[in-house]
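Input: a single structure, listed below in structure tokens.
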Amino acid sequence: CAPGNAPTPAPEPAPPDTRPEGTFTDRWTLQEALQLPADTEKTAQTTMPLITSWPQGAQKTLPDQWVWDTWPLKTEDMQIATVRAADGTPYYVLIHLSVDDSVLPGARHDLATLRYSYSTDGRSWQPGGYLFPEGVVLGSRNWAGSALLKADGSVEVYYTATGERDEGPVQGPSSVLERQQVGDVQGPLTADGQLVPQSGSGFPNEGGIGFEQRIALADGVKAEVVNGRVVFSGTWKHRVILRADGTLYQTVAQSDAGPLYGFRDPWAFRNPADGKRYVLFTGNMGGLKSQQTCQPEDLGDAAFRAGLGALNAEMPLHNGAIGLAVETAPGAWKLLNPLLTARCVNQELERPHLVMKDGQVYLFFSSHIGKFAPYGDLRDRGEEGLYGFVGDSLRGDYTPLNRGGLVLNTPLTQRYQSYSYDVLPGGLTTLFVDVPGIGNQDISVVSTLPPEEQRAVFGGTLGKTLKIDISGRSTALVSELNYGQIIP
Ligand code: FRU
């Protein structure tokens, strides 16, 4: 520059675009995840009580069904919804992934169907039957989602349509005709009556049936109370509203290595900050999985990176993402950048959902021990449990709650006792009883047992609800409530 003139200052880096439709994506970095407490450091703040018994027979959430992922009917502003009877009595509604309990527990994902139950006290549940009793449900089976009761009484159910109808050796119970056969289906068994061994996906029977996941919406009905039962009157209309695009979110074809991809678990809400409707979901980072690499921003700050050991080539096969989509016009949905990614940290950020409190956005999700990336002792620190972050807006940036993001972990002696946590307003957290009856063995070991033992060690029912306190950057487990309780 000319003598006497001040040098032109370097342009300030643009601030990250943290509008909901912005480009900023927060990371669950390796540096943060290595803050997760080691076993000796886990305390009562996060450790769930041991499950020593679980309802059997008629006391199960649904008497003749296995039940796992479950969600309540909510209002668009994230509160528990009530359907009013003519006399004003409020009814609560739960929607469940379910399958006839003659099916072996490990095969349930291949046959999952939505059923519902209802309650006047938010604790004791009456079976309502199939959520979609007739018509063409999308997918060969249905995985998790969410459901909204709108001000006019109409209902929207967001769900995962997995696989295609009419494919593979096992048919999902997607139509009345197929459902009639479900009681006979024992899941994919070998000649000697064992489950077909699992592949790396964590789901049995991969290869036999498709695992493409699409986000679907069913609407067209109203919720009503008729003769003391909640019913959905009208005809459900189903359509796919979101598909993985391959750029922001991995497609099934791009899931060419490592564990199975995700594009599922839609959680719909209206954002109070801008009044728009959004869906959060479980995804993976777009692009061919086998060609992804750990990037500096996935790992941590410069000092942390300087001290890193060798990176295992399998680390980038773990590239979980919490996806976001916005409704741009009634019925039209658009994918946005992920809210949070976890490349080289974790493969599956399941059932993401929010709690808004004290002007903060709390982002929760479930993950499994086996879904953490292989680095140092990360897989020992990672737990079967509930994880969470806090941010000052929908797009963050987010800070891990507690240490490294751990909100609830299963007891160290019974690591697979429960899963699929849903934090409701007020901190009530529902879960299902998974395989408490077999110490520290997971479902892949359970699947090698004789069929009757498999059924005996599996819960397949809602467990006792937990209450957590949420405040600032931390949470604490406070108490254990009733089975399936959603109202304090
Ligand atoms: C969590 C989960 C969900 C999925 C469902 C499939 O328990 O893996 O992500 O929707 O189970 O059964």
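Each chain in the structure tokens gets a letter, A, B, ..., in the order shown, and its residues are numbered from 1; ligands are numbered from 1 in order too.
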### Task
Write as a ChimeraX atom specification the residues around ligand 1, taking 10 Å as the cut-off and counting only C-alpha atoms and all ligand atoms.
/A:67-70,97-98,106-113,141-145,159-162,202-203,213,262-266,281-283,348-352,365-368,418-421,431-432,434
### Lys60 (chain A) surroundings by only C-alpha atoms, 10 Å radius, close-in-sequence under 6 positions cut, as an MDAnalysis selection string
chainID A and resid 54 66:67 125 459:463 483:484
Filtering to N, CA, C and O atoms, could you give me those residues as an mmCIF file, in the first residue's frame?
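Contents of out-v8.cif, freshly written:
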```
data_model
loop_
_atom_site.group_PDB
_atom_site.id
_atom_site.type_symbol
_atom_site.label_atom_id
_atom_site.label_comp_id
_atom_site.auth_asym_id
_atom_site.auth_seq_id
_atom_site.Cartn_x
_atom_site.Cartn_y
_atom_site.Cartn_z
ATOM 1 N N TRP A 54 -40.383 -56.540 34.536
ATOM 2 C CA TRP A 54 -41.063 -55.740 33.526
ATOM 3 C C TRP A 54 -42.408 -56.396 33.265
ATOM 4 O O TRP A 54 -42.555 -57.609 33.388
ATOM 5 N N TRP A 66 -45.554 -56.785 21.004
ATOM 6 C CA TRP A 66 -44.329 -56.099 21.413
ATOM 7 C C TRP A 66 -44.504 -54.629 21.049
ATOM 8 O O TRP A 66 -44.976 -54.313 19.955
ATOM 9 N N VAL A 67 -44.088 -53.769 21.958
ATOM 10 C CA VAL A 67 -44.134 -52.332 21.720
ATOM 11 C C VAL A 67 -42.741 -51.777 21.945
ATOM 12 O O VAL A 67 -42.081 -52.145 22.912
ATOM 13 N N TRP A 125 -53.185 -47.331 29.855
ATOM 14 C CA TRP A 125 -53.459 -47.216 28.419
ATOM 15 C C TRP A 125 -54.372 -48.319 27.930
ATOM 16 O O TRP A 125 -54.203 -49.483 28.289
ATOM 17 N N GLY A 459 -38.341 -57.129 26.841
ATOM 18 C CA GLY A 459 -39.443 -56.397 27.453
ATOM 19 C C GLY A 459 -40.578 -56.176 26.466
ATOM 20 O O GLY A 459 -41.685 -56.662 26.644
ATOM 21 N N GLY A 460 -40.301 -55.397 25.411
ATOM 22 C CA GLY A 460 -41.326 -55.124 24.400
ATOM 23 C C GLY A 460 -42.517 -54.387 24.971
ATOM 24 O O GLY A 460 -43.660 -54.599 24.548
ATOM 25 N N THR A 461 -42.261 -53.502 25.921
ATOM 26 C CA THR A 461 -43.327 -52.760 26.586
ATOM 27 C C THR A 461 -42.738 -51.438 27.060
ATOM 28 O O THR A 461 -41.515 -51.313 27.178
ATOM 29 N N LEU A 462 -43.591 -50.462 27.349
ATOM 30 C CA LEU A 462 -43.061 -49.218 27.904
ATOM 31 C C LEU A 462 -42.547 -49.471 29.317
ATOM 32 O O LEU A 462 -43.207 -50.150 30.109
ATOM 33 N N GLY A 463 -41.377 -48.922 29.629
ATOM 34 C CA GLY A 463 -40.835 -49.026 30.980
ATOM 35 C C GLY A 463 -41.348 -47.890 31.842
ATOM 36 O O GLY A 463 -42.189 -47.083 31.419
ATOM 37 N N TYR A 483 -45.195 -46.949 34.794
ATOM 38 C CA TYR A 483 -45.027 -47.456 33.438
ATOM 39 C C TYR A 483 -45.791 -46.572 32.456
ATOM 40 O O TYR A 483 -46.983 -46.326 32.637
ATOM 41 N N GLY A 484 -45.107 -46.087 31.454
ATOM 42 C CA GLY A 484 -45.786 -45.362 30.369
ATOM 43 C C GLY A 484 -46.450 -44.061 30.786
ATOM 44 O O GLY A 484 -47.305 -43.558 30.066
#
```
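Our summary of the geometry notes that CA of Lys334 (chain A) is positioned 20.8 Å from CA of Ala253 (chain A).
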### Query
Can you list, as a VMD selection string, every protein, DNA or RNA residue that comes within 12 Å of Ala310 (chain A) when you count only C-alpha atoms, leaving out same-chain residues fewer than 6 positions away?
chain A and resid 294 374 to 376
Would you mind exporting the chosen residues as a CSV table (one decimal), in the first residue's frame, restricted to N, CA, C and O atoms?
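Ended up saving to selection24.csv:
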```
chain,number,residue,atom,x,y,z
A,294,CYS,N,-12.5,-38.0,8.0
A,294,CYS,CA,-12.6,-37.1,9.2
A,294,CYS,C,-12.0,-35.7,8.8
A,294,CYS,O,-10.9,-35.6,8.4
A,374,PRO,N,-14.7,-46.0,16.4
A,374,PRO,CA,-13.6,-46.6,17.1
A,374,PRO,C,-12.4,-45.7,17.2
A,374,PRO,O,-11.7,-45.5,16.3
A,375,TYR,N,-12.3,-45.0,18.4
A,375,TYR,CA,-11.1,-44.2,18.6
A,375,TYR,C,-10.8,-44.2,20.1
A,375,TYR,O,-11.7,-43.9,20.9
A,376,GLY,N,-9.6,-44.5,20.5
A,376,GLY,CA,-9.3,-44.5,21.9
A,376,GLY,C,-10.3,-45.3,22.7
A,376,GLY,O,-10.7,-46.4,22.3
```
### Message
One number please: CA of Gly472 (chain A) to CA of Tyr362 (chain A), in Å, one decimal.
### Response
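Result for CA of Gly472 (chain A) versus CA of Tyr362 (chain A): 9.6 Å, one decimal.
What separates CA of Gly320 (chain A) from CA of Gly388 (chain A) is a distance of 14.4 Å.
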### Query
How would you write, as a PyMOL selection string, the set of residues in region 229-309 of chain A that DSSP gives as strand (DSSP E)?
chain A and resi 229-242+264-270+277-284
What are the closest atom pairs, with distances in Å to one decimal, for each residue of region 316-373 of chain A lying within 10 Å of region 298-305 of chain A, using only C-alpha atoms, rows by chain and rising residue number, as CSV?
```
residue,atom,partner,partner_atom,distance
A:Pro316,CA,A:Asp298,CA,9.7
A:Asn319,CA,A:Asp298,CA,9.6
A:Thr341,CA,A:Asp298,CA,8.1
A:Ala342,CA,A:Asp298,CA,6.9
A:Arg343,CA,A:Asp298,CA,5.9
A:Cys344,CA,A:Asp298,CA,6.8
A:Val345,CA,A:Asp298,CA,8.0
```
Selection export as a compact mmCIF listing (two decimals), in the first residue's frame, atoms kept: N, CA and C atoms:
```
# COMPACT_ATOMS: atom_id res chain seq x y z
N PRO A 316 -14.69 -42.65 9.81
CA PRO A 316 -15.66 -41.87 9.01
C PRO A 316 -16.86 -42.68 8.53
N ASN A 319 -21.12 -41.42 10.58
CA ASN A 319 -21.34 -40.02 10.19
C ASN A 319 -22.79 -39.61 10.40
N THR A 341 -23.99 -32.74 13.17
CA THR A 341 -23.43 -33.96 12.59
C THR A 341 -22.40 -34.53 13.56
N ALA A 342 -22.10 -35.81 13.36
CA ALA A 342 -21.21 -36.51 14.29
C ALA A 342 -20.25 -37.42 13.54
N ARG A 343 -19.68 -36.90 12.43
CA ARG A 343 -18.74 -37.74 11.66
C ARG A 343 -17.51 -38.05 12.51
N CYS A 344 -17.09 -39.30 12.44
CA CYS A 344 -15.94 -39.80 13.21
C CYS A 344 -16.24 -39.86 14.70
N VAL A 345 -17.54 -39.75 15.04
CA VAL A 345 -17.97 -39.84 16.44
C VAL A 345 -19.08 -40.87 16.62
```
### Task
Mind checking which residues fall within 10 Å of Asp219 (chain A), counting only C-alpha atoms, ignoring those fewer than 4 positions away in the same chain, and posting them as a list in words?
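Answer for this query is Ala147, Leu148, Ser154, Val155, Glu156, Val157, Tyr158, Gly234, Thr235, Trp236, Lys237, His238 and Arg239 of chain A.
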Tyr116 (chain A): which residues within 8 Å, counting only C-alpha atoms, same-chain residues fewer than 6 positions away excluded, as a PDB file with N, CA and C atoms, in the first residue's frame?
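The new file around31.pdb reads:
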```
ATOM      1  N   VAL A  93     -53.267 -39.720  23.775  1.00  0.00           N
ATOM      2  CA  VAL A  93     -53.060 -40.772  22.761  1.00  0.00           C
ATOM      3  C   VAL A  93     -51.573 -41.060  22.632  1.00  0.00           C
ATOM      4  N   LEU A  94     -51.220 -42.336  22.597  1.00  0.00           N
ATOM      5  CA  LEU A  94     -49.853 -42.763  22.277  1.00  0.00           C
ATOM      6  C   LEU A  94     -49.864 -43.543  20.974  1.00  0.00           C
ATOM      7  N   ILE A  95     -48.825 -43.370  20.193  1.00  0.00           N
ATOM      8  CA  ILE A  95     -48.642 -44.188  18.984  1.00  0.00           C
ATOM      9  C   ILE A  95     -47.392 -45.028  19.186  1.00  0.00           C
ATOM     10  N   HIS A  96     -47.492 -46.301  18.808  1.00  0.00           N
ATOM     11  CA  HIS A  96     -46.418 -47.254  19.093  1.00  0.00           C
ATOM     12  C   HIS A  96     -45.951 -47.946  17.816  1.00  0.00           C
ATOM     13  N   PRO A 127     -55.798 -50.319  24.539  1.00  0.00           N
ATOM     14  CA  PRO A 127     -55.420 -50.514  23.136  1.00  0.00           C
ATOM     15  C   PRO A 127     -56.457 -49.933  22.184  1.00  0.00           C
ATOM     16  N   GLY A 128     -55.983 -49.189  21.188  1.00  0.00           N
ATOM     17  CA  GLY A 128     -56.886 -48.608  20.199  1.00  0.00           C
ATOM     18  C   GLY A 128     -56.908 -49.378  18.892  1.00  0.00           C
ATOM     19  N   GLY A 129     -55.966 -50.322  18.711  1.00  0.00           N
ATOM     20  CA  GLY A 129     -55.897 -51.079  17.455  1.00  0.00           C
ATOM     21  C   GLY A 129     -54.920 -50.451  16.473  1.00  0.00           C
ATOM     22  N   TYR A 130     -55.044 -50.869  15.215  1.00  0.00           N
ATOM     23  CA  TYR A 130     -54.172 -50.316  14.179  1.00  0.00           C
ATOM     24  C   TYR A 130     -54.421 -48.820  14.020  1.00  0.00           C
ATOM     25  N   LEU A 131     -53.361 -48.060  13.877  1.00  0.00           N
ATOM     26  CA  LEU A 131     -53.530 -46.634  13.596  1.00  0.00           C
ATOM     27  C   LEU A 131     -54.090 -46.437  12.183  1.00  0.00           C
TER      28      LEU A 131
END
```
List every residue of region 334-462 of chain A that DSSP, applied to the backbone of this structure, places in helix (DSSP H, G or I), and write the result as a PDB file with C-alpha atoms, in the first residue's frame.
```pdb
ATOM      1  CA  ILE A 369     -23.011 -48.184  22.517  1.00  0.00           C
ATOM      2  CA  GLY A 370     -22.056 -49.918  19.301  1.00  0.00           C
ATOM      3  CA  LYS A 371     -22.690 -46.852  17.146  1.00  0.00           C
ATOM      4  CA  LEU A 378     -14.694 -43.616  22.969  1.00  0.00           C
ATOM      5  CA  ARG A 379     -16.570 -46.907  22.608  1.00  0.00           C
ATOM      6  CA  ASP A 380     -16.191 -47.515  26.346  1.00  0.00           C
ATOM      7  CA  ARG A 381     -17.380 -44.018  27.211  1.00  0.00           C
ATOM      8  CA  PRO A 425     -42.399 -31.118  28.297  1.00  0.00           C
ATOM      9  CA  GLY A 426     -41.563 -30.949  31.997  1.00  0.00           C
ATOM     10  CA  GLY A 427     -38.788 -33.537  31.654  1.00  0.00           C
ATOM     11  CA  PRO A 436     -32.982 -56.529  30.567  1.00  0.00           C
ATOM     12  CA  GLY A 437     -33.159 -60.265  31.131  1.00  0.00           C
ATOM     13  CA  ILE A 438     -29.705 -61.143  29.837  1.00  0.00           C
ATOM     14  CA  ILE A 443     -30.136 -58.321  20.864  1.00  0.00           C
ATOM     15  CA  SER A 444     -27.692 -60.109  18.532  1.00  0.00           C
ATOM     16  CA  VAL A 445     -26.863 -62.530  21.377  1.00  0.00           C
ATOM     17  CA  VAL A 446     -30.515 -62.775  22.328  1.00  0.00           C
ATOM     18  CA  PRO A 451     -37.353 -68.776  20.752  1.00  0.00           C
ATOM     19  CA  GLU A 452     -39.061 -69.035  24.155  1.00  0.00           C
ATOM     20  CA  GLU A 453     -35.985 -67.684  25.932  1.00  0.00           C
ATOM     21  CA  GLN A 454     -35.801 -64.837  23.438  1.00  0.00           C
ATOM     22  CA  ARG A 455     -39.325 -63.831  24.391  1.00  0.00           C
ATOM     23  CA  ALA A 456     -38.599 -64.182  28.114  1.00  0.00           C
ATOM     24  CA  VAL A 457     -35.591 -61.841  28.162  1.00  0.00           C
TER      25      VAL A 457
END
```
### Message
Considering only C-alpha atoms, can you say which of A:Val361, A:Leu336, A:Ile215, A:Val423 comes closest to Asp397 (chain A)?
### Response
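So, comparing all the options, the nearest one is A:Val361.
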### Task
Choose the residue, out of A:Gly258, A:Pro411, A:Gly210, A:Pro296, that has the smallest atom-to-atom separation from Leu308 (chain A); count only C-alpha atoms.
A:Pro296
### Message
Ranking A:Ala86, A:Leu62, A:Leu354, A:Gly135 by minimum distance to Arg115 (chain A) and counting only C-alpha atoms, which one comes first?
### Response
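Closest to Arg115 (chain A), using only C-alpha atoms: A:Leu62.
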### Task
Go through A:Leu477, A:Val136, A:Val326, A:Ile209 and flag the residue nearest Val407 (chain A), using only C-alpha atoms for the distances.
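Closest to Val407 (chain A), using only C-alpha atoms: A:Leu477.
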